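Here the structure comes first, spelled out in structure tokens, and everything after it is commentary.
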Amino acid sequence: MSVPIIEPLETEPEGWVMLNTFRDLPYDALTLLENVLDVSHIPYTHHKTVSKRENAAPMQMDVVASDKQGFQGIWPEGPRKGKLGTQHTTFAAPSLMYHDLTSKQFGRTLTVVYVTPIRKGECRVIARFPFKFSSKLPSFFIRLTPRWYSHINNNRVLEDDQIFLHIQERLIEKGGDVSYARTCYLPTQADRYVIDFRRWVSKFTADPFPGQSLPPQWSTEALMERYHSHTKHCSSCASALQRIQQIRKAALVLSIILWSLLPLIIVASEPISLTMSAVLVGIPIAAGVLWLWLGDLEQKFYQGADTPPRNLPD
């Protein structure tokens, strides 16, 4: 079976700027697909990362075509209460979903998700973010941004959902062998994509691990782990982590050496000017601050924050 294609990239291959990332996630492939199809959760779950609660509004979604190969949907108003234009959604069964949005302000933006099942309760996401901007400036800054830095931000967005989706699967499983429609209350037009997706799963028996039970619930620390789920497999992030560790070690050594030599330098240089004193003290302090800052950055390659940005004080 061939990999499903991203239609807009095939029909209009020129002019796209692309961001790509991947990560192993602690929940099922079907849960991930449902989550990314459900655009109504974005203003709430991803508040302070890629959206804001004030963007939330009633959503009128329509499925315009649906069969064994997936479905196409349309959201006429689109994100941010209609400020960006109509958004089209495609689910290409069994593993590809993408949202397609063209706005006068930014140009054309795709949110593309490929999903690969690993085992019951785990999957791998391969996400692509193609942009075709109406201005050259955003493209310039995207190309300028290091790939590893983009991945840190991508991981933070993924972690907005990480804990509750992992737990939600187990709560649904505890309900026993009950249809999804009876387990989850989906009464609004905003639920149309999720309803159609779950119908497809049921109609075509698309569960990749039928009859298997979920493993025990993971700890919060395990759910927020980044190194084994992404960093060590990513050439950009693994290289950046190694460089950061080397620079951090050098900054610590420099700071220790300068603090140790400072009394000797002062005695040997008497009388010493105020400017020179500031330089002699400032360099080891700056090296120490660099060491601390790089330490905080280094941790972002290993572990995400337990508390999502939406739950932090304003």
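By convention in this document, the chains of the structure tokens carry letters A, B, ... by their order, each chain's residues are numbered from 1, and ligands are numbered from 1 in the order they are shown.
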All strand (DSSP E or B) positions in segment 91-223 of chain A, as number ranges by chain | A: 91-92, 96-103, 107-119, 122-133
Given only C-alpha atoms as the counted atoms, nearest of A:Arg156, A:His88, A:His46, A:Arg147 to Glu225 of chain A =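 Ranked by minimum distance to Glu225 of chain A, first place goes to A:Arg156.
Considering only C-alpha atoms, the residue among A:Val115, A:Ile172, A:Leu9, A:Ile247 positioned nearest to Asp100 of chain A is A:Leu9.
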Neighbour list for Pro146 of chain A as a list in words, cut-off 12 Å, only C-alpha atoms, skip fewer than 3 positions in-chain =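 Returned residues: Leu19, Asn20, Phe141, Ile142, Arg143, Tyr149, Ser150, His151, Ile152, Asn153, Ser236, Cys237, Ser239 and Ala240 of chain A.
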Shell of 10 Å around Val157 of chain A, only C-alpha atoms, local chain residues under 3 positions omitted, as a PyMOL selection string = chain A and resi 45-50+151-154+160-162+308-309
Straight-line distance linking atom CA of Pro76 of chain A with atom CA of Met59 of chain A, stated in Å to one decimal |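 Computing it gives 9.0 Å between the two atoms.
Those residues that approach Val64 of chain A to within 9 Å, counting only C-alpha atoms, are Phe71, Gln72, Gly73 and Ile74 of chain A; same-chain residues fewer than 6 positions away are not listed.
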Selection: 12 Å around Leu297 of chain A, only C-alpha atoms, excl. self and same-chain fewer than 2 positions, as a ChimeraX atom specification | /A:148-149,152-153,237,240-245,247-248,290-295,299-304
In Å, how far is it from atom CA of Lys136 of chain A to atom CA of Leu110 of chain A?
->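 Atom CA of Leu110 of chain A lies at a distance of 17.3 Å from atom CA of Lys136 of chain A.
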Those in segment 45-293 of chain A with alpha helix (DSSP H) from DSSP, as number ranges by chain = A: 45, 79-82, 136-144, 147-174, 180-183, 192-203, 220-223, 235-268, 274-293
What are the nearest atom pairs, with distances in Å to one decimal, for all residues of segment 58-157 of chain A that come at most 10 Å from segment 192-201 of chain A, using only C-alpha atoms, set out by chain and rising residue number as JSON lines?
{"residue": "A:Met59", "atom": "CA", "partner": "A:Arg192", "partner_atom": "CA", "distance": 9.8}
{"residue": "A:Gln60", "atom": "CA", "partner": "A:Arg192", "partner_atom": "CA", "distance": 8.6}
{"residue": "A:Met61", "atom": "CA", "partner": "A:Arg192", "partner_atom": "CA", "distance": 6.2}
{"residue": "A:Asp62", "atom": "CA", "partner": "A:Arg192", "partner_atom": "CA", "distance": 6.6}
{"residue": "A:Val63", "atom": "CA", "partner": "A:Arg192", "partner_atom": "CA", "distance": 6.9}
{"residue": "A:Ser66", "atom": "CA", "partner": "A:Asp196", "partner_atom": "CA", "distance": 7.9}
{"residue": "A:Asp67", "atom": "CA", "partner": "A:Trp200", "partner_atom": "CA", "distance": 7.9}
{"residue": "A:Lys68", "atom": "CA", "partner": "A:Trp200", "partner_atom": "CA", "distance": 7.1}
{"residue": "A:Gln69", "atom": "CA", "partner": "A:Trp200", "partner_atom": "CA", "distance": 9.1}
{"residue": "A:Gly70", "atom": "CA", "partner": "A:Trp200", "partner_atom": "CA", "distance": 7.4}
{"residue": "A:Phe71", "atom": "CA", "partner": "A:Asp196", "partner_atom": "CA", "distance": 7.9}
{"residue": "A:Gln72", "atom": "CA", "partner": "A:Tyr193", "partner_atom": "CA", "distance": 8.9}
{"residue": "A:Gly73", "atom": "CA", "partner": "A:Tyr193", "partner_atom": "CA", "distance": 7.2}
{"residue": "A:Ile74", "atom": "CA", "partner": "A:Tyr193", "partner_atom": "CA", "distance": 9.5}
{"residue": "A:Thr89", "atom": "CA", "partner": "A:Tyr193", "partner_atom": "CA", "distance": 8.8}
{"residue": "A:Thr90", "atom": "CA", "partner": "A:Tyr193", "partner_atom": "CA", "distance": 9.7}
{"residue": "A:Phe91", "atom": "CA", "partner": "A:Phe197", "partner_atom": "CA", "distance": 8.3}
{"residue": "A:Ala93", "atom": "CA", "partner": "A:Trp200", "partner_atom": "CA", "distance": 8.9}
{"residue": "A:Pro94", "atom": "CA", "partner": "A:Val201", "partner_atom": "CA", "distance": 9.2}
Would you please work out which residue, of A:Leu274, A:Val3, A:Val125, A:Thr111, is nearest to His230 of chain A when using only C-alpha atoms?
->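 Nearest candidate to His230 of chain A out of A:Leu274, A:Val3, A:Val125, A:Thr111: A:Val125.
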Could you check which of A:Thr102, A:Gln87, A:Ser135, A:Thr116 is closest to Leu32 of chain A, using only C-alpha atoms?
-> A:Thr116
Which neighbours of Val39 of chain A fall inside 9 Å, counting only C-alpha atoms, when residues of the same chain fewer than 3 positions from it are skipped, and could you give them as a list of chain:residue names?
->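 Skipping anything fewer than 3 positions along the chain leaves A:Asn35, A:Val36, A:Ile42, A:Pro43, A:Pro79, A:Ala190, A:Tyr193.
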Output file for the residues above (C-alpha atoms, as an mmCIF file, in the first residue's frame):
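Heads up, here's the output in again_9.cif:
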data_model
loop_
_atom_site.group_PDB
_atom_site.id
_atom_site.type_symbol
_atom_site.label_atom_id
_atom_site.label_comp_id
_atom_site.auth_asym_id
_atom_site.auth_seq_id
_atom_site.Cartn_x
_atom_site.Cartn_y
_atom_site.Cartn_z
ATOM 1 C CA ASN A 35 -7.683 14.704 18.365
ATOM 2 C CA VAL A 36 -6.150 16.429 15.330
ATOM 3 C CA ILE A 42 -7.703 24.109 19.964
ATOM 4 C CA PRO A 43 -8.736 27.401 21.681
ATOM 5 C CA PRO A 79 -10.525 29.808 12.692
ATOM 6 C CA ALA A 190 -18.310 21.006 15.846
ATOM 7 C CA TYR A 193 -15.445 15.244 11.898
#
